[in-house]
>>> print(open('input.txt').read())   # compact mmCIF, C-alpha atoms
# COMPACT_ATOMS: atom_id res chain seq x y z
CA MET A 1 0.91 25.28 -30.69
CA GLN A 2 -1.26 28.34 -30.98
CA ALA A 3 -0.66 31.56 -29.08
CA HIS A 4 -3.41 32.96 -26.87
CA GLY A 5 -5.59 35.21 -28.96
CA GLY A 6 -6.05 38.24 -26.76
CA SER A 7 -2.78 38.20 -24.83
CA ALA A 8 -0.24 37.06 -27.39
CA HIS A 9 2.32 39.60 -28.51
CA CYS A 10 2.35 39.18 -32.29
CA LEU A 11 4.83 40.69 -34.68
CA ARG A 12 3.56 43.18 -37.14
CA CYS A 13 5.22 42.83 -40.51
CA THR A 14 8.83 44.05 -40.29
CA VAL A 15 9.69 43.62 -43.96
CA ARG A 16 10.66 46.91 -45.51
CA GLY A 17 8.07 48.03 -48.05
CA CYS A 18 5.55 45.31 -47.13
CA ARG A 19 1.97 46.59 -47.25
CA PRO A 20 -0.72 45.33 -44.85
CA GLY A 21 -2.20 42.16 -46.31
CA ALA A 22 0.64 41.75 -48.80
CA ARG A 23 2.35 38.40 -49.25
CA HIS A 24 5.53 38.01 -47.22
CA PRO A 25 8.82 37.52 -49.04
CA GLN A 26 9.06 33.87 -47.93
CA SER A 27 5.95 33.04 -49.95
CA LEU A 28 7.60 34.59 -53.00
CA GLY A 29 10.85 32.67 -52.51
CA LEU A 30 12.74 35.77 -51.42
CA THR A 31 14.86 36.48 -48.33
CA PRO A 32 13.17 38.91 -45.91
CA THR A 33 15.02 41.94 -44.60
CA CYS A 34 14.53 42.18 -40.85
CA GLU A 35 14.68 45.30 -38.75
CA ALA A 36 15.87 45.40 -35.15
CA ALA A 37 13.16 47.94 -34.30
CA PRO A 38 10.70 47.01 -31.51
CA SER A 39 8.19 45.53 -33.94
CA MET A 40 6.28 43.40 -31.46
CA GLU A 41 3.55 44.80 -29.29
CA PRO A 42 5.38 46.56 -26.45
CA GLY A 43 4.72 45.61 -22.86
CA SER A 44 2.05 47.68 -21.17
CA VAL A 45 0.28 47.67 -17.84
CA GLU A 46 -2.80 46.11 -19.46
CA ASN A 47 -1.36 43.23 -21.48
CA LEU A 48 -0.64 40.76 -18.68
CA SER A 49 -1.16 37.14 -19.74
CA ILE A 50 -2.21 34.57 -17.12
CA VAL A 51 -1.57 30.89 -17.93
CA TYR A 52 -2.48 29.33 -14.55
CA ARG A 53 -4.63 30.48 -11.65
CA SER A 54 -5.78 28.95 -8.39
CA SER A 55 -6.63 30.27 -4.95
CA ASP A 56 -2.95 30.03 -3.98
CA PHE A 57 -0.95 30.65 -7.16
CA LEU A 58 -0.76 32.58 -10.40
CA VAL A 59 1.55 31.78 -13.29
CA VAL A 60 2.02 34.69 -15.67
CA ASN A 61 3.55 34.75 -19.13
CA LYS A 62 6.07 37.53 -18.52
CA HIS A 63 6.85 39.92 -21.34
CA TRP A 64 10.46 40.23 -22.50
CA ASP A 65 12.45 43.32 -21.42
CA LEU A 66 10.36 43.67 -18.27
CA ARG A 67 11.60 43.81 -14.70
CA ILE A 68 9.76 41.76 -12.13
CA ASP A 69 9.85 44.46 -9.47
CA SER A 70 11.72 47.61 -8.65
CA LYS A 71 11.95 50.17 -5.87
CA THR A 72 13.21 52.75 -8.36
CA TRP A 73 10.67 55.39 -9.32
CA ARG A 74 12.23 55.63 -12.78
CA GLU A 75 11.03 52.09 -13.60
CA THR A 76 7.82 52.98 -15.43
CA LEU A 77 6.64 49.40 -15.98
CA THR A 78 7.24 46.23 -13.97
CA LEU A 79 5.44 42.92 -13.57
CA GLN A 80 4.58 44.05 -10.06
CA LYS A 81 2.70 47.06 -11.49
CA GLN A 82 0.92 44.87 -14.06
CA LEU A 83 -0.26 42.58 -11.26
CA ARG A 84 -1.43 45.48 -9.10
CA HIS A 85 -3.36 46.86 -12.07
CA ARG A 86 -5.00 43.55 -12.94
CA PHE A 87 -5.49 42.12 -9.43
CA PRO A 88 -5.53 44.98 -6.91
CA GLU A 89 -7.52 42.81 -4.49
CA LEU A 90 -4.73 40.19 -4.41
CA ALA A 91 -1.91 42.56 -3.42
CA ASP A 92 -0.58 41.84 0.07
CA PRO A 93 0.34 45.01 2.00
CA ASP A 94 2.58 42.96 4.30
CA THR A 95 5.05 42.33 1.46
CA CYS A 96 7.58 44.73 -0.02
CA TYR A 97 6.21 44.51 -3.57
CA GLY A 98 2.63 43.38 -2.92
CA PHE A 99 3.23 39.94 -4.45
CA ARG A 100 5.42 36.96 -3.58
CA PHE A 101 7.46 35.91 -6.62
CA CYS A 102 8.48 32.26 -6.22
CA HIS A 103 11.51 32.54 -8.52
CA GLN A 104 13.20 34.94 -10.91
CA LEU A 105 13.49 35.60 -14.63
CA ASP A 106 16.00 37.91 -16.23
CA PHE A 107 14.82 41.29 -17.51
CA SER A 108 15.31 40.09 -21.10
CA THR A 109 13.70 36.65 -20.66
CA SER A 110 10.00 36.07 -21.29
CA GLY A 111 7.74 33.27 -20.12
CA ALA A 112 6.33 31.40 -17.13
CA LEU A 113 6.77 33.00 -13.73
CA CYS A 114 4.97 31.76 -10.61
CA VAL A 115 3.44 34.11 -8.03
CA ALA A 116 2.30 32.85 -4.61
CA LEU A 117 -0.83 34.55 -3.31
CA ASN A 118 -0.24 33.92 0.39
CA LYS A 119 2.56 33.16 2.81
CA ALA A 120 1.76 29.45 3.16
CA ALA A 121 1.73 28.95 -0.62
CA ALA A 122 5.05 30.78 -0.93
CA GLY A 123 6.55 28.49 1.70
CA SER A 124 5.35 25.33 -0.07
CA ALA A 125 6.78 26.53 -3.39
CA TYR A 126 10.08 27.45 -1.73
CA ARG A 127 10.39 23.92 -0.35
CA CYS A 128 9.94 22.49 -3.84
CA PHE A 129 12.77 24.67 -5.14
CA LYS A 130 14.97 23.85 -2.16
CA GLU A 131 14.39 20.10 -2.64
CA ARG A 132 15.03 20.38 -6.40
CA ARG A 133 11.57 19.11 -7.28
CA VAL A 134 10.74 21.90 -9.74
CA THR A 135 10.80 21.19 -13.48
CA LYS A 136 11.63 24.06 -15.82
CA ALA A 137 12.15 24.06 -19.57
CA TYR A 138 13.04 26.97 -21.83
CA LEU A 139 12.87 27.61 -25.56
CA ALA A 140 15.66 29.51 -27.28
CA LEU A 141 16.94 30.45 -30.69
CA VAL A 142 20.72 30.08 -30.77
CA ARG A 143 23.30 31.07 -33.38
CA GLY A 144 24.48 28.36 -35.77
CA HIS A 145 23.27 24.80 -36.34
CA VAL A 146 23.79 22.66 -33.23
CA GLN A 147 24.92 19.28 -34.59
CA GLU A 148 24.24 16.96 -31.64
CA SER A 149 20.51 16.29 -31.31
CA GLN A 150 20.73 16.07 -27.51
CA MET A 151 23.44 16.81 -24.99
CA THR A 152 24.14 17.57 -21.35
CA ILE A 153 26.22 20.71 -20.76
CA SER A 154 28.25 20.46 -17.56
CA HIS A 155 30.56 23.50 -17.50
CA ALA A 156 30.97 24.84 -13.95
CA ILE A 157 29.93 28.50 -13.70
CA GLY A 158 31.39 31.27 -11.55
CA LYS A 159 31.46 35.04 -11.29
CA ASN A 160 33.61 36.97 -13.71
CA ASN A 161 35.91 39.34 -11.79
CA THR A 162 37.52 40.76 -14.92
CA GLU A 163 37.38 44.56 -14.99
CA GLY A 164 34.38 45.71 -16.97
CA ARG A 165 32.73 42.25 -16.79
CA THR A 166 31.99 41.99 -13.07
CA HIS A 167 28.23 41.87 -13.70
CA THR A 168 28.60 38.69 -15.78
CA MET A 169 29.24 34.98 -15.22
CA CYS A 170 31.74 32.68 -16.93
CA ILE A 171 32.72 29.03 -17.17
CA GLU A 172 35.53 27.44 -15.19
CA GLY A 173 38.89 27.94 -16.86
CA THR A 174 38.04 31.42 -18.10
CA GLN A 175 40.47 34.07 -16.92
CA GLY A 176 38.95 35.86 -13.94
CA CYS A 177 36.45 33.09 -13.12
CA GLU A 178 35.75 33.21 -9.39
CA ASN A 179 34.33 30.35 -7.30
CA PRO A 180 32.92 28.21 -10.15
CA LYS A 181 30.13 25.83 -9.12
CA PRO A 182 29.03 22.67 -10.92
CA SER A 183 26.17 23.38 -13.34
CA LEU A 184 24.08 21.12 -15.53
CA THR A 185 21.84 21.94 -18.49
CA GLU A 186 20.14 19.51 -20.86
CA LEU A 187 19.69 20.64 -24.46
CA VAL A 188 17.49 19.14 -27.18
CA VAL A 189 17.57 20.50 -30.74
CA LEU A 190 14.11 21.09 -32.20
CA GLU A 191 14.75 22.81 -35.54
CA HIS A 192 17.47 24.14 -37.80
CA GLY A 193 16.83 27.23 -39.86
CA LEU A 194 17.83 30.82 -40.52
CA TYR A 195 17.37 33.93 -38.42
CA ALA A 196 17.62 37.08 -40.53
CA GLY A 197 19.47 34.99 -43.09
CA SER A 198 22.05 33.54 -40.65
CA PRO A 199 22.11 29.89 -39.47
CA ALA A 200 20.20 29.35 -36.23
CA SER A 201 18.75 26.50 -34.18
CA LYS A 202 15.65 26.29 -32.03
CA VAL A 203 16.40 24.36 -28.85
CA LEU A 204 14.72 23.22 -25.65
CA LEU A 205 16.84 23.85 -22.54
CA LYS A 206 16.25 22.13 -19.21
CA PRO A 207 18.35 23.52 -16.33
CA LEU A 208 19.17 20.95 -13.66
CA THR A 209 20.92 23.50 -11.46
CA GLY A 210 20.11 27.16 -10.87
CA ARG A 211 23.18 29.27 -11.48
CA THR A 212 22.91 32.92 -12.47
CA HIS A 213 22.65 33.27 -16.27
CA GLN A 214 23.22 29.52 -16.55
CA LEU A 215 21.45 28.94 -19.86
CA ARG A 216 23.00 31.97 -21.52
CA VAL A 217 26.51 31.07 -20.34
CA HIS A 218 26.19 27.41 -21.30
CA CYS A 219 24.91 28.20 -24.81
CA SER A 220 27.71 30.71 -25.31
CA ALA A 221 30.28 28.17 -24.09
CA LEU A 222 29.05 25.75 -26.77
CA GLY A 223 29.74 28.36 -29.43
CA HIS A 224 26.01 28.81 -29.98
CA PRO A 225 25.02 31.99 -28.08
CA ILE A 226 21.37 32.90 -27.79
CA VAL A 227 20.16 35.18 -30.57
CA GLY A 228 19.84 38.71 -29.21
CA ASP A 229 22.02 38.10 -26.13
CA LEU A 230 24.26 41.16 -26.22
CA THR A 231 26.08 40.15 -23.02
CA TYR A 232 27.20 36.63 -23.91
CA GLY A 233 26.70 36.69 -27.68
CA GLN A 234 28.72 38.11 -30.51
CA ALA A 235 26.55 40.60 -32.38
CA GLU A 236 28.15 41.36 -35.73
CA GLY A 237 26.65 44.77 -36.12
CA GLN A 238 23.54 46.86 -35.59
CA GLU A 239 21.68 45.10 -38.41
CA ASP A 240 22.38 41.77 -36.71
CA GLN A 241 20.68 42.72 -33.43
CA PRO A 242 17.07 41.50 -33.15
CA PHE A 243 14.38 43.25 -31.16
CA ARG A 244 14.74 40.94 -28.13
CA MET A 245 16.80 38.16 -26.59
CA MET A 246 15.35 34.87 -27.86
CA LEU A 247 15.00 33.03 -24.55
CA HIS A 248 11.60 32.02 -23.21
CA ALA A 249 10.54 30.15 -20.06
CA PHE A 250 8.26 27.66 -21.78
CA TYR A 251 7.24 25.07 -19.17
CA LEU A 252 7.02 25.12 -15.37
CA ARG A 253 5.91 22.53 -12.83
CA ILE A 254 6.01 23.06 -9.06
CA PRO A 255 4.57 20.00 -7.26
CA THR A 256 3.56 21.46 -3.90
CA GLN A 257 1.91 19.25 -1.33
CA ALA A 258 -1.50 20.88 -1.84
CA GLU A 259 -1.49 21.19 -5.64
CA CYS A 260 0.70 20.70 -8.66
CA VAL A 261 1.26 24.07 -10.27
CA GLU A 262 1.83 23.31 -13.95
CA ALA A 263 1.89 25.75 -16.85
CA CYS A 264 2.94 25.62 -20.49
CA THR A 265 3.19 28.96 -22.26
CA PRO A 266 2.73 29.64 -26.00
CA ASP A 267 5.80 29.18 -28.18
CA PRO A 268 6.89 32.69 -29.25
CA PHE A 269 9.47 31.51 -31.79
CA LEU A 270 7.24 30.80 -34.77
CA PRO A 271 7.58 32.15 -38.32
CA SER A 272 4.02 33.47 -38.06
CA LEU A 273 5.12 35.67 -35.13
CA ASP A 274 8.61 36.63 -36.32
CA VAL A 275 9.25 36.93 -40.04
CA CYS A 276 13.01 36.79 -39.40
CA TRP A 277 12.83 33.18 -38.18
CA SER A 278 12.68 30.66 -41.02
CA PRO A 279 13.01 27.00 -39.92
CA HIS A 280 13.82 24.47 -42.63
CA THR A 281 14.60 21.19 -40.82
CA LEU A 282 12.52 19.61 -38.05
CA LEU A 283 14.61 17.41 -35.75
CA GLN A 284 12.29 16.87 -32.78
CA PRO A 285 8.58 17.81 -32.49
CA LEU A 286 8.00 20.10 -29.53
CA ASP A 287 4.66 18.51 -28.64
CA GLN A 288 6.38 15.17 -27.98
CA LEU A 289 8.74 16.81 -25.52
CA VAL A 290 5.83 18.54 -23.78
CA GLN A 291 4.13 15.16 -23.35
CA ALA A 292 7.34 13.73 -21.90
CA LEU A 293 7.68 16.65 -19.50
CA ARG A 294 4.09 16.26 -18.30
CA ALA A 295 4.37 12.48 -17.96
CA ALA A 296 7.65 12.56 -16.02
CA CYS A 297 7.42 11.69 -12.33
CA ASP A 298 8.21 14.42 -9.86
CA PRO A 299 11.43 13.61 -7.96
CA ASP A 300 10.91 12.60 -4.35
CA PRO A 301 13.53 14.19 -2.09
CA MET A 302 13.34 11.11 0.18
CA ASP A 303 13.67 8.68 -2.73
CA SER A 304 17.00 7.11 -3.57
CA GLY A 305 15.94 6.61 -7.19
CA PRO A 306 17.02 8.67 -10.23
CA GLY A 307 17.55 12.33 -9.39
CA PRO A 308 18.62 15.46 -11.20
CA CYS A 309 22.01 13.95 -11.99
CA SER A 310 20.57 11.02 -13.90
CA PRO A 311 20.16 11.03 -17.70
CA SER A 312 17.12 12.99 -18.81
CA THR A 313 13.89 11.24 -19.80
CA LEU A 314 13.25 13.82 -22.53
CA LEU A 315 14.74 11.64 -25.25
CA PRO A 316 15.75 8.28 -23.79
CA GLU A 317 18.72 6.79 -25.57
CA PRO A 318 19.78 3.49 -23.97
CA GLY A 319 23.54 3.33 -23.56
CA ARG A 320 24.07 7.01 -24.37
CA LEU A 321 25.46 7.64 -20.89
CA PRO A 322 26.98 5.06 -18.52
CA PRO A 323 25.16 4.36 -15.23
CA GLU A 324 26.12 6.55 -12.30
CA THR A 325 28.25 5.08 -9.57
CA GLU A 326 27.27 5.65 -5.96
CA ALA A 327 30.30 7.93 -5.50
CA GLN A 328 29.31 10.03 -8.53
CA ARG A 329 25.75 10.32 -7.32
CA ALA A 330 26.79 11.33 -3.80
CA SER A 331 29.16 13.94 -5.21
CA CYS A 332 26.51 15.30 -7.55
CA LEU A 333 23.89 15.53 -4.80
CA GLN A 334 26.37 17.46 -2.69
CA TRP A 335 26.87 19.90 -5.56
CA LEU A 336 23.15 20.30 -6.08
CA SER A 337 22.59 20.94 -2.38
CA GLU A 338 23.93 24.41 -3.17
CA TRP A 339 20.86 25.06 -5.34
CA THR A 340 19.98 28.73 -5.37
CA LEU A 341 16.92 30.69 -6.36
CA GLU A 342 18.98 32.91 -8.64
CA PRO A 343 17.77 33.27 -12.24
CA ASP A 344 19.17 30.38 -14.27
CA ASN A 345 18.64 32.09 -17.59
>>> encode(input="input.txt", output="structure tokens")
Amino acid sequence: MQAHGGSAHCLRCTVRGCRPGARHPQSLGLTPTCEAAPSMEPGSVENLSIVYRSSDFLVVNKHWDLRIDSKTWRETLTLQKQLRHRFPELADPDTCYGFRFCHQLDFSTSGALCVALNKAAAGSAYRCFKERRVTKAYLALVRGHVQESQMTISHAIGKNNTEGRTHTMCIEGTQGCENPKPSLTELVVLEHGLYAGSPASKVLLKPLTGRTHQLRVHCSALGHPIVGDLTYGQAEGQEDQPFRMMLHAFYLRIPTQAECVEACTPDPFLPSLDVCWSPHTLLQPLDQLVQALRAACDPDPMDSGPGPCSPSTLLPEPGRLPPETEAQRASCLQWLSEWTLEPDN
């Protein structure tokens, strides 16, 4: 999958002593030395990438380390300011920030973020989220080689009330875990490789619930924290800290009544974009998963058929999970009725 030419944020060479146009160490059979310096093109008010546009919606490819909005004057750059710069005619003076963001992404997370351009569109998108009809999939680089090719992570997640960690979340059973709620994430392993010489895996993550920091907490609970996650990961030292957290909102589908908002963003975790990432084993082609995501039927909130609690259709494996009982399904639907619009990454 190719990145957009004019709006992609491509790594300049970060290999010490590498001249422009010189061959990279991988081509010479050597191990590259990676720097944690901000080597990618930094976010600016001009480099806003749009991946979907209609009269009612925009989907932007948010830069990493960028806040969506802020009332603080010290925040020099936000997505809100990028939108005002690019589309001043679309800003709505009746809103606090000028634009209606349909959902959230963490400051450190890049990728697809939907913006409603009017009140009616925002309401239709909100209903899709409330009825759990939205499909989201993320790409991530995680530490270590994940051995199972596909799994469902079901650790309940709650707030961490431990002193010094009150801004974080944790899984049930952790000391200080407050009010844990059932949480589900599906994970598919795409590639095994090395990041800056250390074992790493590229994975596709599909959140089926929307808990705060869900993907980051679930990956950490597996023992495979997201590369660059300094909150839930275990950085071994300054040299081990990459320039960003490697979590990207890759695919988004919001099936509103008037239109199906669907966007697939460029994959940022490619060796051509980051010399530190060196995949060596392909386990599942990403394009096949994209086709499966696009072909999947949108869940009908009035339908009694398979819902978010059922086994994923990403990689069907007959017999991998036993059929749900009616009691299990009713219990799961009750859990998911607590769906929130908090960032799940």
>>> atom_distance(input="input.txt", atom1="atom CA of Val217 of chain A", atom2="atom CA of Arg100 of chain A")
27.6 Å
>>> residues_around(input="input.txt", residues="Leu48 of chain A", least_positions_apart="2", cutoff="12 Å", atoms="only C-alpha atoms", output="mmCIF file with C-alpha atoms, in the coordinates of the input")
data_model
loop_
_atom_site.group_PDB
_atom_site.id
_atom_site.type_symbol
_atom_site.label_atom_id
_atom_site.label_comp_id
_atom_site.auth_asym_id
_atom_site.auth_seq_id
_atom_site.Cartn_x
_atom_site.Cartn_y
_atom_site.Cartn_z
ATOM 1 C CA HIS A 4 -3.410 32.960 -26.870
ATOM 2 C CA GLY A 6 -6.050 38.240 -26.760
ATOM 3 C CA SER A 7 -2.780 38.200 -24.830
ATOM 4 C CA ALA A 8 -0.240 37.060 -27.390
ATOM 5 C CA HIS A 9 2.320 39.600 -28.510
ATOM 6 C CA PRO A 42 5.380 46.560 -26.450
ATOM 7 C CA GLY A 43 4.720 45.610 -22.860
ATOM 8 C CA SER A 44 2.050 47.680 -21.170
ATOM 9 C CA VAL A 45 0.280 47.670 -17.840
ATOM 10 C CA GLU A 46 -2.800 46.110 -19.460
ATOM 11 C CA ILE A 50 -2.210 34.570 -17.120
ATOM 12 C CA VAL A 51 -1.570 30.890 -17.930
ATOM 13 C CA LEU A 58 -0.760 32.580 -10.400
ATOM 14 C CA VAL A 59 1.550 31.780 -13.290
ATOM 15 C CA VAL A 60 2.020 34.690 -15.670
ATOM 16 C CA ASN A 61 3.550 34.750 -19.130
ATOM 17 C CA LYS A 62 6.070 37.530 -18.520
ATOM 18 C CA HIS A 63 6.850 39.920 -21.340
ATOM 19 C CA TRP A 64 10.460 40.230 -22.500
ATOM 20 C CA LEU A 66 10.360 43.670 -18.270
ATOM 21 C CA LEU A 77 6.640 49.400 -15.980
ATOM 22 C CA THR A 78 7.240 46.230 -13.970
ATOM 23 C CA LEU A 79 5.440 42.920 -13.570
ATOM 24 C CA GLN A 80 4.580 44.050 -10.060
ATOM 25 C CA LYS A 81 2.700 47.060 -11.490
ATOM 26 C CA GLN A 82 0.920 44.870 -14.060
ATOM 27 C CA LEU A 83 -0.260 42.580 -11.260
ATOM 28 C CA ARG A 84 -1.430 45.480 -9.100
ATOM 29 C CA HIS A 85 -3.360 46.860 -12.070
ATOM 30 C CA ARG A 86 -5.000 43.550 -12.940
ATOM 31 C CA PHE A 87 -5.490 42.120 -9.430
ATOM 32 C CA SER A 110 10.000 36.070 -21.290
ATOM 33 C CA GLY A 111 7.740 33.270 -20.120
ATOM 34 C CA ALA A 112 6.330 31.400 -17.130
ATOM 35 C CA LEU A 113 6.770 33.000 -13.730
#
>>> closest_residue(input="input.txt", among="A:Arg216, A:Arg67, A:His280, A:Lys202", to="Tyr232 of chain A", atoms="all atoms listed in the file")
A:Arg216
>>> atom_distance(input="input.txt", atom1="atom CA of Leu187 of chain A", atom2="atom CA of Gly144 of chain A")
14.5 Å
>>> atom_distance(input="input.txt", atom1="atom CA of Ala196 of chain A", atom2="atom CA of Phe107 of chain A")
23.6 Å
>>> closest_residue(input="input.txt", among="A:Asp229, A:Cys128, A:Ala140, A:Asp287", to="Ala258 of chain A", atoms="all atoms listed in the file")
A:Cys128
>>> axis_aligned_box(input="input.txt", around="segment 86-90 of chain A", padding_each_side="6 Å", output="AutoDock Vina command-line options")
--center_x -6.1 --center_y 42.6 --center_z -8.7 --size_x 14.8 --size_y 16.8 --size_z 20.5
>>> residues_around(input="input.txt", residues="Gln147 of chain A", least_positions_apart="4", cutoff="10 Å", atoms="all atoms listed in the file", output="list in words")
Val189, His192 and Ser201 of chain A
>>> closest_residue(input="input.txt", among="A:Leu190, A:Cys170, A:Cys177, A:Ala121", to="His213 of chain A", atoms="only C-alpha atoms")
A:Cys170
>>> residues_near_point(input="input.txt", point="(19.6, 19.5, -24.4)", cutoff="8 Å", atoms="all atoms listed in the file", output="list in words")
Ser149, Gln150, Met151, Thr152, Ile153, Thr185, Glu186, Leu187, Val188, Val189, Val203, Leu204, Leu205 and Lys206 of chain A
>>> closest_residue(input="input.txt", among="A:Leu252, A:Ala221, A:Leu139, A:Ala263", to="Arg53 of chain A", atoms="only C-alpha atoms")
A:Ala263
>>> closest_residue(input="input.txt", among="A:Glu163, A:Asp56, A:Glu41, A:Glu178", to="Leu117 of chain A", atoms="only C-alpha atoms")
A:Asp56
>>> closest_residue(input="input.txt", among="A:Gly210, A:Gly228, A:Gly193, A:Gly123", to="His145 of chain A", atoms="all atoms listed in the file")
A:Gly193
>>> residues_near_point(input="input.txt", point="(11.1, 20.1, -34.9)", cutoff="6 Å", atoms="all atoms listed in the file", output="PyMOL selection string")
chain A and resi 190-191+282-285
